[in-house]
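Visitor: My structure file work31.txt, compact mmCIF, C-alpha atoms, is below:
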# COMPACT_ATOMS: atom_id res chain seq x y z
CA MET A 242 24.86 141.07 93.71
CA PRO A 243 28.46 140.52 94.88
CA HIS A 244 30.84 138.69 92.52
CA SER A 245 31.38 135.85 95.05
CA THR A 246 27.58 135.35 95.36
CA ASN A 247 27.32 135.02 91.56
CA LYS A 248 29.98 132.32 91.58
CA GLU A 249 28.21 130.42 94.40
CA LEU A 250 24.91 130.64 92.48
CA ILE A 251 26.53 129.37 89.26
CA LEU A 252 28.20 126.52 91.12
CA GLY A 253 24.89 125.56 92.76
CA ILE A 254 23.09 125.53 89.41
CA MET A 255 25.81 123.39 87.81
CA VAL A 256 25.82 120.86 90.67
CA GLY A 257 22.03 120.70 90.56
CA THR A 258 22.05 120.13 86.81
CA THR A 259 24.59 117.34 87.25
CA GLY A 260 22.35 115.67 89.85
CA ILE A 261 19.31 115.84 87.57
CA SER A 262 21.30 114.35 84.68
CA LEU A 263 22.49 111.48 86.86
CA LEU A 264 18.90 110.87 88.08
CA LEU A 265 17.55 110.74 84.53
CA LEU A 266 20.35 108.41 83.50
CA TRP A 267 19.52 106.09 86.41
CA TYR A 268 15.83 106.16 85.51
CA HIS A 269 16.63 105.32 81.89
CA LYS A 270 18.82 102.43 83.04
CA VAL A 271 16.08 101.03 85.32
CA ARG A 272 13.43 101.15 82.61
CA LYS A 273 15.65 99.50 80.04
CA SER A 274 17.66 97.12 82.17
CA ARG A 275 18.56 94.98 79.21
CA LYS A 276 20.34 97.83 77.51
CA THR A 277 23.98 98.25 78.55
CA LEU A 278 26.07 101.46 78.65
CA ASN A 279 29.75 101.30 77.74
CA LEU A 280 31.62 104.23 79.34
CA PRO A 281 34.44 105.73 77.30
CA LYS A 282 37.82 104.15 78.00
CA PHE A 283 39.80 107.09 76.68
CA LEU A 284 39.24 110.61 75.46
CA SER A 285 41.86 112.02 73.08
CA LEU A 286 43.86 114.87 74.62
CA GLY A 287 45.16 117.91 72.75
CA SER A 288 47.44 120.56 74.16
CA LYS A 289 44.43 122.42 75.60
CA PHE A 290 41.95 119.53 75.68
CA ASP A 291 39.74 121.34 73.18
CA SER A 292 39.63 118.38 70.80
CA MET A 293 37.81 115.94 73.09
CA THR A 294 35.50 113.59 71.18
CA PHE A 295 33.20 110.80 72.27
CA GLN A 296 33.42 107.24 70.99
CA ASP A 297 30.31 105.34 69.97
CA GLU A 298 29.09 104.19 73.37
CA MET A 299 25.57 102.90 72.92
CA TYR A 300 24.37 99.38 72.42
CA ASN A 301 21.56 98.81 69.88
CA GLY A 302 21.79 102.42 68.66
CA GLN A 303 20.35 104.02 71.80
CA GLY A 304 21.75 107.57 72.14
CA THR A 305 19.90 109.00 75.16
CA ALA A 306 22.50 108.07 77.77
CA ALA A 307 25.31 109.34 75.52
CA ILE A 308 23.58 112.76 75.37
CA PHE A 309 23.33 112.83 79.16
CA GLN A 310 26.99 111.92 79.46
CA GLY A 311 27.92 114.61 76.98
CA ARG A 312 26.04 117.16 79.05
CA GLN A 313 27.79 115.93 82.18
CA LEU A 314 31.18 116.44 80.52
CA GLN A 315 30.19 119.97 79.50
CA ILE A 316 29.17 120.69 83.10
CA LEU A 317 32.49 119.29 84.36
CA GLU A 318 34.36 121.53 81.94
CA LYS A 319 32.39 124.56 83.12
CA LEU A 320 33.09 123.63 86.76
CA ASN A 321 36.78 123.25 85.95
CA GLU A 322 36.78 126.69 84.32
CA LEU A 323 35.07 128.12 87.39
CA LEU A 324 37.60 126.48 89.73
CA THR A 325 40.48 127.81 87.61
CA ASN A 326 39.02 131.34 87.81
CA MET A 327 38.70 130.99 91.58
CA GLU A 328 42.36 129.91 91.83
CA GLU A 329 43.41 132.93 89.76
CA LEU A 330 41.30 135.20 91.96
CA LYS A 331 42.94 133.78 95.09
CA GLU A 332 46.38 134.46 93.60
CA GLU A 333 45.39 138.05 92.76
CA ILE A 334 44.14 138.56 96.33
CA ARG A 335 47.41 137.15 97.69
CA VAL A 336 49.44 139.58 95.54
CA LEU A 337 47.26 142.49 96.70
CA LYS A 338 47.77 141.51 100.33
CA GLU A 339 51.53 141.59 99.79
CA THR A 340 51.44 144.89 97.90
CA ILE A 341 49.06 147.00 100.00
CA PRO A 342 51.32 147.21 103.12
CA LYS A 343 54.09 148.66 100.92
CA LEU A 344 51.75 151.18 99.25
CA GLU A 345 51.53 153.51 102.24
CA GLU A 346 55.33 153.71 102.52
CA TYR A 347 55.62 154.43 98.78
CA ILE A 348 53.02 157.23 98.90
CA GLN A 349 54.67 158.84 101.91
CA GLY A 350 57.98 158.80 100.09
CA GLU A 351 56.45 160.39 97.00
CA LEU A 352 54.63 163.10 98.96
CA GLY A 353 57.76 163.87 100.94
CA GLY A 354 59.74 164.27 97.75
CA LYS A 355 62.03 161.46 98.73
CA ILE A 356 63.22 158.82 96.40
CA THR A 357 64.16 155.62 98.12
CA VAL A 358 67.07 153.82 96.52
CA HIS A 359 67.11 150.11 97.33
CA LYS A 360 70.52 148.58 97.51
CA ILE A 361 70.90 145.41 95.53
CA SER A 362 73.36 142.90 96.86
CA PRO A 363 75.86 141.25 94.48
CA GLN A 364 74.22 137.89 95.26
CA HIS A 365 70.79 139.21 94.26
CA ARG A 366 72.27 140.70 91.07
CA ALA A 367 73.83 137.37 90.20
CA ARG A 368 70.56 135.60 90.83
CA LYS A 369 68.69 137.98 88.52
CA ARG A 370 71.32 137.42 85.83
CA ARG A 371 70.94 133.65 86.18
CA LEU A 372 67.16 133.88 86.02
CA THR A 373 67.25 136.06 82.88
CA THR A 374 69.52 133.51 81.18
CA VAL A 375 67.27 130.59 82.11
CA GLN A 376 64.06 132.41 81.15
CA SER A 377 65.43 133.31 77.70
CA SER A 378 66.45 129.67 77.27
CA ALA A 379 62.96 128.53 78.26
CA THR A 380 61.37 130.94 75.78
CA SER A 381 63.51 129.79 72.88
CA ASN A 382 62.93 126.17 73.82
CA SER A 383 59.14 126.50 74.04
CA SER A 384 58.92 127.52 70.39
CA GLU A 385 60.58 124.28 69.40
CA GLU A 386 58.37 121.95 71.43
CA ALA A 387 55.59 119.76 70.05
CA GLU A 388 53.21 117.21 71.52
CA SER A 389 54.53 113.72 70.87
CA GLU A 390 52.38 110.70 70.11
CA GLY A 391 52.75 109.39 73.66
CA GLY A 392 51.49 112.65 75.17
CA TYR A 393 54.88 113.97 76.31
CA ILE A 394 56.51 117.24 75.38
CA THR A 395 59.60 116.68 73.27
CA ALA A 396 61.94 119.02 71.42
CA ASN A 397 60.92 119.20 67.79
CA THR A 398 64.33 119.92 66.30
CA ASP A 399 66.69 118.48 63.72
CA THR A 400 69.91 118.43 65.71
CA GLU A 401 71.03 117.45 69.19
CA GLU A 402 72.42 120.97 69.66
CA GLN A 403 68.95 122.45 69.41
CA SER A 404 67.21 119.78 71.46
CA PHE A 405 69.19 120.34 74.67
CA PRO A 406 67.14 123.02 76.49
CA VAL A 407 69.57 124.32 79.09
CA SER A 408 70.96 127.72 79.95
CA LYS A 409 74.34 129.00 78.86
CA ALA A 410 77.45 128.51 80.97
CA PHE A 411 77.60 131.01 83.85
CA ASN A 412 81.37 131.23 84.30
CA THR A 413 83.82 132.39 81.65
CA HIS A 414 86.64 130.33 83.16
CA ILE A 415 85.59 126.69 83.59
CA GLU A 416 87.70 124.21 85.51
CA GLU A 417 88.27 121.07 83.45
CA LEU A 418 86.88 118.06 85.30
CA ASN A 419 86.37 114.48 84.23
CA LEU A 420 82.84 113.09 84.49
CA ASP A 421 83.24 111.13 87.74
CA VAL A 422 84.83 114.05 89.57
CA LEU A 423 82.19 116.46 88.25
CA LEU A 424 79.28 114.26 89.33
CA GLN A 425 80.77 113.68 92.78
CA LYS A 426 81.33 117.39 93.26
CA ALA A 427 77.79 118.25 92.15
CA ASP A 428 76.34 115.62 94.51
CA ASN A 429 78.40 116.90 97.44
CA LEU A 430 77.39 120.52 96.83
CA ARG A 431 73.65 119.81 96.86
CA MET A 432 73.85 117.99 100.18
CA ASN A 433 73.90 121.48 101.67
CA GLU A 434 70.82 123.63 100.98
CA CYS A 435 72.88 126.72 100.18
CA GLY A 436 75.08 124.71 97.79
CA LYS A 437 72.28 123.68 95.42
CA MET A 438 72.59 126.81 93.29
CA GLU A 439 76.34 126.29 92.98
CA SER A 440 75.73 122.67 91.98
CA PHE A 441 73.30 123.85 89.30
CA GLU A 442 75.83 126.35 87.91
CA LEU A 443 78.59 123.72 87.92
CA LEU A 444 76.49 121.33 85.83
CA CYS A 445 75.42 124.06 83.40
CA ASP A 446 79.08 125.02 82.91
CA HIS A 447 79.85 121.47 81.71
CA LYS A 448 76.73 120.72 79.68
CA GLU A 449 78.46 121.00 76.31
CA LYS A 450 81.08 118.44 77.24
CA PHE A 451 78.84 115.85 78.92
CA ARG A 452 75.46 116.44 77.27
CA ASP A 453 75.26 112.84 75.99
CA GLU A 454 76.06 111.22 79.36
CA ILE A 455 72.87 109.96 80.99
CA GLU A 456 74.29 110.24 84.54
CA PHE A 457 74.94 113.91 83.80
CA THR A 458 71.51 114.50 82.22
CA TRP A 459 69.39 113.21 85.11
CA ARG A 460 71.49 115.21 87.57
CA LEU A 461 70.91 118.35 85.53
CA THR A 462 67.18 117.55 85.56
CA ARG A 463 67.39 117.24 89.35
CA ALA A 464 69.28 120.55 89.53
CA TYR A 465 66.46 122.33 87.69
CA GLY A 466 64.12 120.88 90.31
CA ASP A 467 66.37 122.28 93.03
CA MET A 468 66.27 125.72 91.41
CA TYR A 469 62.48 125.48 91.28
CA GLU A 470 62.45 124.88 95.05
CA ILE A 471 64.90 127.72 95.71
CA SER A 472 62.95 130.25 93.61
CA THR A 473 60.44 132.42 95.42
CA ASN A 474 57.75 133.26 92.86
CA ALA A 475 55.94 131.77 89.87
CA GLN A 476 57.81 133.92 87.34
CA GLU A 477 61.07 132.34 88.46
CA LYS A 478 59.74 128.83 89.09
CA THR A 479 57.97 128.27 85.76
CA PRO A 480 61.02 128.23 83.42
CA PHE A 481 62.97 125.95 85.76
CA ALA A 482 60.05 123.49 85.90
CA ASN A 483 59.46 123.49 82.13
CA ILE A 484 63.11 123.09 81.13
CA GLY A 485 63.67 120.42 83.78
CA LYS A 486 60.64 118.45 82.59
CA THR A 487 61.88 118.54 78.98
CA LEU A 488 65.32 117.35 80.08
CA GLY A 489 63.67 114.58 82.10
CA GLU A 490 61.71 113.45 79.03
CA ARG A 491 64.96 113.28 77.08
CA ALA A 492 66.56 111.22 79.88
CA ILE A 493 63.82 108.56 80.13
CA THR A 494 63.76 108.24 76.34
CA ARG A 495 67.49 107.53 76.24
CA ALA A 496 67.65 105.40 79.40
CA PRO A 497 64.24 103.76 80.01
CA THR A 498 65.67 101.40 82.66
CA ASN A 499 67.40 104.08 84.75
CA GLY A 500 65.39 104.63 87.94
CA HIS A 501 66.86 108.08 88.64
CA CYS A 502 65.66 109.31 85.24
CA HIS A 503 62.09 108.21 86.01
CA LEU A 504 62.29 109.63 89.54
CA TRP A 505 63.30 113.16 88.56
CA TYR A 506 61.06 113.24 85.52
CA ALA A 507 58.14 112.40 87.83
CA VAL A 508 59.19 115.14 90.26
CA LEU A 509 59.44 117.77 87.50
CA CYS A 510 56.00 116.75 86.17
CA GLY A 511 54.69 117.45 89.66
CA TYR A 512 56.30 120.90 89.66
CA VAL A 513 54.88 121.79 86.23
CA SER A 514 51.39 120.76 87.36
CA GLU A 515 51.44 123.48 90.03
CA PHE A 516 50.75 126.12 87.37
CA GLU A 517 48.13 124.15 85.41
CA GLY A 518 44.33 123.96 85.47
CA LEU A 519 42.42 120.98 86.86
CA GLN A 520 42.53 118.91 83.66
CA ASN A 521 46.29 119.30 83.21
CA LYS A 522 46.87 118.68 86.91
CA ILE A 523 45.11 115.33 86.56
CA ASN A 524 47.09 114.54 83.40
CA TYR A 525 50.41 115.28 85.10
CA GLY A 526 49.28 113.40 88.21
CA HIS A 527 48.68 110.31 86.06
CA ARG A 528 52.12 110.74 84.50
CA PHE A 529 53.71 111.29 87.92
CA LYS A 530 52.32 108.00 89.27
CA GLU A 531 53.33 106.07 86.13
CA HIS A 532 56.99 107.08 86.33
CA LEU A 533 57.13 106.88 90.11
CA ASP A 534 56.12 103.20 89.89
CA LYS A 535 58.81 102.62 87.26
CA ALA A 536 61.42 104.30 89.45
CA ILE A 537 60.47 102.05 92.40
CA GLN A 538 60.81 99.04 90.13
CA PHE A 539 64.43 99.99 89.33
CA LEU A 540 65.33 101.53 92.75
CA PRO A 541 63.43 99.45 95.34
CA GLU A 542 65.62 100.59 98.26
CA GLU A 543 65.34 104.37 97.68
CA PRO A 544 63.34 105.89 100.62
CA PHE A 545 62.55 109.15 98.77
CA LEU A 546 60.46 107.20 96.25
CA TYR A 547 58.23 105.75 98.98
CA TYR A 548 57.86 109.19 100.52
CA LEU A 549 56.64 110.55 97.16
CA LYS A 550 54.29 107.59 96.70
CA GLY A 551 52.94 108.11 100.20
CA ARG A 552 52.24 111.76 99.38
CA TYR A 553 50.50 110.70 96.16
CA CYS A 554 48.33 108.11 97.95
CA TYR A 555 47.43 110.57 100.70
CA THR A 556 46.47 113.26 98.17
CA VAL A 557 44.35 110.86 96.10
CA SER A 558 42.55 109.66 99.22
CA LYS A 559 41.48 113.28 99.79
CA LEU A 560 40.31 114.01 96.22
CA SER A 561 36.92 115.68 95.83
CA TRP A 562 34.09 114.18 93.79
CA ILE A 563 34.65 116.60 90.88
CA GLU A 564 38.36 115.75 90.70
CA LYS A 565 37.68 112.00 90.70
CA LYS A 566 34.98 112.41 88.06
CA MET A 567 37.32 114.42 85.82
CA ALA A 568 40.09 111.84 86.18
CA ALA A 569 37.65 109.05 85.28
CA THR A 570 36.54 110.97 82.19
CA LEU A 571 40.11 111.51 81.02
CA PHE A 572 41.63 108.12 81.78
CA GLY A 573 38.69 105.69 81.92
CA LYS A 574 39.02 104.96 85.64
CA ILE A 575 38.83 106.78 88.94
CA PRO A 576 42.19 107.10 90.75
CA SER A 577 41.85 105.32 94.06
CA SER A 578 43.96 105.06 97.18
CA THR A 579 43.48 105.04 100.93
CA VAL A 580 45.06 106.59 104.00
CA GLU A 581 46.16 103.08 105.00
CA GLU A 582 48.10 102.72 101.73
CA ALA A 583 49.73 106.11 102.27
CA LEU A 584 50.65 105.08 105.83
CA GLN A 585 52.39 101.90 104.62
CA ASN A 586 54.57 103.94 102.25
CA PHE A 587 55.55 106.43 104.95
CA LEU A 588 56.37 103.54 107.31
CA LYS A 589 58.49 102.00 104.54
CA VAL A 590 60.50 105.23 104.41
CA GLU A 591 61.14 105.01 108.15
CA GLU A 592 62.14 101.36 107.78
CA LEU A 593 64.68 102.10 105.04
CA HIS A 594 65.97 105.35 106.56
CA PRO A 595 64.99 106.11 110.19
CA GLY A 596 64.59 109.85 110.66
CA PHE A 597 64.47 110.41 106.90
CA SER A 598 62.78 113.80 107.12
CA LYS A 599 60.58 116.03 109.23
CA SER A 600 57.92 115.91 106.49
CA ASN A 601 57.73 112.11 106.59
CA TYR A 602 57.03 112.22 110.32
CA LEU A 603 54.43 114.94 109.70
CA TYR A 604 52.53 112.76 107.22
CA LEU A 605 52.79 109.73 109.49
CA ALA A 606 51.09 111.84 112.17
CA LYS A 607 48.41 112.98 109.70
CA CYS A 608 47.66 109.39 108.68
CA TYR A 609 47.29 108.26 112.28
CA ILE A 610 44.99 111.21 113.02
CA ASP A 611 42.77 110.18 110.11
CA LEU A 612 42.81 106.60 111.44
CA GLU A 613 41.91 107.92 114.93
CA GLN A 614 45.13 106.67 116.54
CA ALA A 615 46.04 109.75 118.55
CA ASP A 616 48.84 108.12 120.56
CA ASN A 617 50.78 107.20 117.41
CA ALA A 618 50.13 110.66 115.97
CA VAL A 619 51.62 112.29 119.07
CA LYS A 620 54.61 109.93 118.88
CA PHE A 621 55.54 111.01 115.35
CA CYS A 622 54.90 114.69 116.07
CA ASN A 623 57.43 114.44 118.91
CA LEU A 624 59.94 112.71 116.62
CA ALA A 625 59.45 115.42 113.98
CA VAL A 626 60.23 118.20 116.46
CA LEU A 627 63.54 116.53 117.35
CA LEU A 628 64.86 116.73 113.76
CA PRO A 629 66.71 119.93 112.75
CA CYS A 630 65.22 122.41 110.28
CA VAL A 631 67.56 122.41 107.28
CA THR A 632 65.40 123.12 104.23
CA LYS A 633 62.40 125.35 103.57
CA GLU A 634 60.27 122.19 103.52
CA ASP A 635 61.54 121.38 107.02
CA LYS A 636 60.52 124.84 108.27
CA ASP A 637 57.05 124.52 106.76
CA ALA A 638 56.67 121.04 108.23
CA GLN A 639 57.77 122.31 111.67
CA LYS A 640 55.00 124.92 111.69
CA GLU A 641 52.37 122.34 110.73
CA VAL A 642 53.65 119.84 113.30
CA LYS A 643 53.26 122.45 116.06
CA LYS A 644 49.66 123.14 114.99
CA ILE A 645 48.85 119.43 114.91
CA SER A 646 50.49 118.88 118.31
CA THR A 647 48.41 121.67 119.85
CA SER A 648 45.19 120.21 118.38
CA LEU A 649 46.08 116.71 119.59
CA LYS A 650 46.73 117.95 123.13
CA ARG A 651 43.36 119.70 123.21
CA MET A 652 41.60 116.65 121.83
CA MET A 653 43.27 114.27 124.29
CA CYS A 654 42.58 116.64 127.17
CA SER A 655 38.92 116.80 126.16
CA ASP A 656 38.73 113.01 125.93
CA LEU A 657 40.32 112.72 129.36
CA LYS A 658 37.71 115.06 130.86
CA VAL A 659 34.88 113.05 129.28
CA LYS A 660 36.31 109.78 130.61
CA SER A 661 36.80 111.31 134.05
CA HIS A 662 33.22 112.59 134.09
CA PHE A 663 31.91 109.20 132.99
CA PHE A 664 33.96 107.47 135.70
CA ARG A 665 32.59 109.80 138.39
CA MET A 666 29.01 109.22 137.23
CA HIS A 667 29.57 105.48 137.18
CA SER A 668 31.05 105.53 140.71
CA THR A 669 28.17 107.61 142.04
CA SER A 670 25.58 105.25 140.53
CA ARG A 671 27.30 102.26 142.13
CA GLN A 672 27.34 103.94 145.57
CA ASN A 673 23.62 104.68 145.29
Please re-express this file's structure in structure tokens.

Guide:
Amino acid sequence: MPHSTNKELILGIMVGTTGISLLLLWYHKVRKSRKTLNLPKFLSLGSKFDSMTFQDEMYNGQGTAAIFQGRQLQILEKLNELLTNMEELKEEIRVLKETIPKLEEYIQGELGGKITVHKISPQHRARKRRLTTVQSSATSNSSEEAESEGGYITANTDTEEQSFPVSKAFNTHIEELNLDVLLQKADNLRMNECGKMESFELLCDHKEKFRDEIEFTWRLTRAYGDMYEISTNAQEKTPFANIGKTLGERAITRAPTNGHCHLWYAVLCGYVSEFEGLQNKINYGHRFKEHLDKAIQFLPEEPFLYYLKGRYCYTVSKLSWIEKKMAATLFGKIPSSTVEEALQNFLKVEELHPGFSKSNYLYLAKCYIDLEQADNAVKFCNLAVLLPCVTKEDKDAQKEVKKISTSLKRMMCSDLKVKSHFFRMHSTSRQN
């Protein structure tokens, strides 16, 4: 039996078992309607969620429903493990697809006795040197981290020197700048996509001098997020995400009323979640929403915040049953949102900053498609095409906008044909 068939069979058995458990639970509840079931409000979370324990949930000492719920949780954990394995398998297939086309060329070179020497550009060499520095910093930092009482990762060190998890300075000769000039220069550099790496290096060069300045710290957190976006594979992205998240935690601890600290900590939590299993994704999603709401509270006129909230609402509105059930188990309630709520956030972005981004127009179009308002969807697709492609996100959005536009044209053309056919039939019936 093929491996994929085994997985489908296992998944079917698990879903079936879950359905039976729910049916028995319902039957038990109907027979003993006077008995009430208190669902767990919180399950304690360890670093790998292995230490989950149930609270005493039953009224009048009845334990049957608790057993059913325990079995449901076990099934959810097995499903999560299965989903994680499937994600890993997809990644392995992707790597193979990228590698196989190069295999033929390599074999031909070996059989022909030729050794191909790939030239490495100075820029690529510099990038590899930067990555090695950051990865070594991330490794040394990870050994000093511990899970705090509030569920965040914090540096478990005795001195401030040890608790600042950033890479070493890249340049031997560092231009002396005061804080205001440095921050302005870093902000100006990152306005251009190709200047983000230079902005990151500039901040790292001055970390020793301005490490205790909160305006410097949240910008360095943001810079690690920029490097995450610039990087092209998981090996490069992971250390940038982890170090940036730790810096963000330090920033919100020191400045709990600074909206920028909450904003970039939320963003880095989102980046870290990309490499996590389902349970950790849900945990980081909860944390992302918490700090996004705090950032909006302190920065109510920042359009980027409403764009992020719109993305969150849209994603939650599309969650599967298993994801909602897992979130309810972990946090005591099911995350809920609607396409309408996502739409309002994207419209708020357009209100605060018309033409904010190609991606915002893309998601406005998606929302209107879901709400079956094709004319509005076409309108925002057309607006998206007019904006220039500056970032990688813009290029990705452009491709998706073109696909959506093509689908909308086909759909509207089909609707027009149906209406035309109906009109002809109606006219013929009236003539007869």

Visitor: So how many Å separate CA of Leu509 (chain A) and CA of Tyr525 (chain A), to one decimal?

Guide: 9.7 Å

Visitor: With all atoms listed in the file as the basis for distance, which of A:Phe457, A:Phe587, A:Phe516, A:Tyr547 is at the shortest distance from Glu328 (chain A)?

Guide: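 Result for the nearest residue to Glu328 (chain A): A:Phe516.
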
Visitor: Between A:Glu634, A:Pro480, A:Ala464, A:Leu323, single out the one closest to Gly518 (chain A), counting only C-alpha atoms.

Guide: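 Nearest candidate to Gly518 (chain A) out of A:Glu634, A:Pro480, A:Ala464, A:Leu323: A:Leu323.
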
Visitor: Once you count all atoms listed in the file, which residues end up no further than 12 Å from (68.6, 112.2, 108.9) in the file's frame, shown as a list in words?

Guide: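 Checked against the point, the hits come out as Met432, Pro544, Val590, Glu591, Leu593, His594, Pro595, Gly596, Phe597, Ser598, Lys599, Ser600, Asn601, Tyr602, Leu624, Ala625, Leu627, Leu628, Pro629, Cys630, Val631 and Asp635 of chain A.
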
Visitor: Would you please work out which residue, of A:Asn419, A:Thr632, A:Ser578, A:Asn321, is nearest to Ile523 (chain A) when using all atoms listed in the file?

Guide: A:Asn321

Visitor: Between A:Leu533, A:Leu330, A:Leu461, A:Ile610, single out the one closest to Leu443 (chain A), counting only C-alpha atoms.

Guide: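 Closest to Leu443 (chain A) of all the choices is A:Leu461.
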
Visitor: For region 534-542 of chain A, find every residue with an atom within 12 Å (counting all atoms listed in the file), except residues of its own chain fewer than 3 positions away, and show them as a PDB file with C-alpha atoms, in the frame of the given file.

Guide:
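Contents of selection.pdb, as written:
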ATOM      1  CA  ILE A 493      63.820 108.560  80.130  1.00  0.00           C
ATOM      2  CA  ALA A 496      67.650 105.400  79.400  1.00  0.00           C
ATOM      3  CA  PRO A 497      64.240 103.760  80.010  1.00  0.00           C
ATOM      4  CA  THR A 498      65.670 101.400  82.660  1.00  0.00           C
ATOM      5  CA  ASN A 499      67.400 104.080  84.750  1.00  0.00           C
ATOM      6  CA  GLY A 500      65.390 104.630  87.940  1.00  0.00           C
ATOM      7  CA  HIS A 501      66.860 108.080  88.640  1.00  0.00           C
ATOM      8  CA  CYS A 502      65.660 109.310  85.240  1.00  0.00           C
ATOM      9  CA  HIS A 503      62.090 108.210  86.010  1.00  0.00           C
ATOM     10  CA  LEU A 504      62.290 109.630  89.540  1.00  0.00           C
ATOM     11  CA  TRP A 505      63.300 113.160  88.560  1.00  0.00           C
ATOM     12  CA  TYR A 506      61.060 113.240  85.520  1.00  0.00           C
ATOM     13  CA  ALA A 507      58.140 112.400  87.830  1.00  0.00           C
ATOM     14  CA  VAL A 508      59.190 115.140  90.260  1.00  0.00           C
ATOM     15  CA  HIS A 527      48.680 110.310  86.060  1.00  0.00           C
ATOM     16  CA  ARG A 528      52.120 110.740  84.500  1.00  0.00           C
ATOM     17  CA  PHE A 529      53.710 111.290  87.920  1.00  0.00           C
ATOM     18  CA  LYS A 530      52.320 108.000  89.270  1.00  0.00           C
ATOM     19  CA  GLU A 531      53.330 106.070  86.130  1.00  0.00           C
ATOM     20  CA  PHE A 545      62.550 109.150  98.770  1.00  0.00           C
ATOM     21  CA  LEU A 546      60.460 107.200  96.250  1.00  0.00           C
ATOM     22  CA  TYR A 547      58.230 105.750  98.980  1.00  0.00           C
ATOM     23  CA  TYR A 548      57.860 109.190 100.520  1.00  0.00           C
ATOM     24  CA  LEU A 549      56.640 110.550  97.160  1.00  0.00           C
ATOM     25  CA  LYS A 550      54.290 107.590  96.700  1.00  0.00           C
ATOM     26  CA  GLY A 551      52.940 108.110 100.200  1.00  0.00           C
ATOM     27  CA  TYR A 553      50.500 110.700  96.160  1.00  0.00           C
ATOM     28  CA  ASN A 586      54.570 103.940 102.250  1.00  0.00           C
ATOM     29  CA  LYS A 589      58.490 102.000 104.540  1.00  0.00           C
ATOM     30  CA  VAL A 590      60.500 105.230 104.410  1.00  0.00           C
ATOM     31  CA  GLU A 591      61.140 105.010 108.150  1.00  0.00           C
ATOM     32  CA  GLU A 592      62.140 101.360 107.780  1.00  0.00           C
ATOM     33  CA  LEU A 593      64.680 102.100 105.040  1.00  0.00           C
ATOM     34  CA  HIS A 594      65.970 105.350 106.560  1.00  0.00           C
TER      35      HIS A 594
END

Visitor: What separation in Å, quoted to one decimal, exists between CA of Ser514 (chain A) and CA of Lys486 (chain A)?

Guide: 10.7 Å

Visitor: Using all atoms listed in the file, can you list as a ChimeraX atom specification the residues within 10 Å of (46.7, 131.4, 89.0)?

Guide: /A:325-333,475,515-518
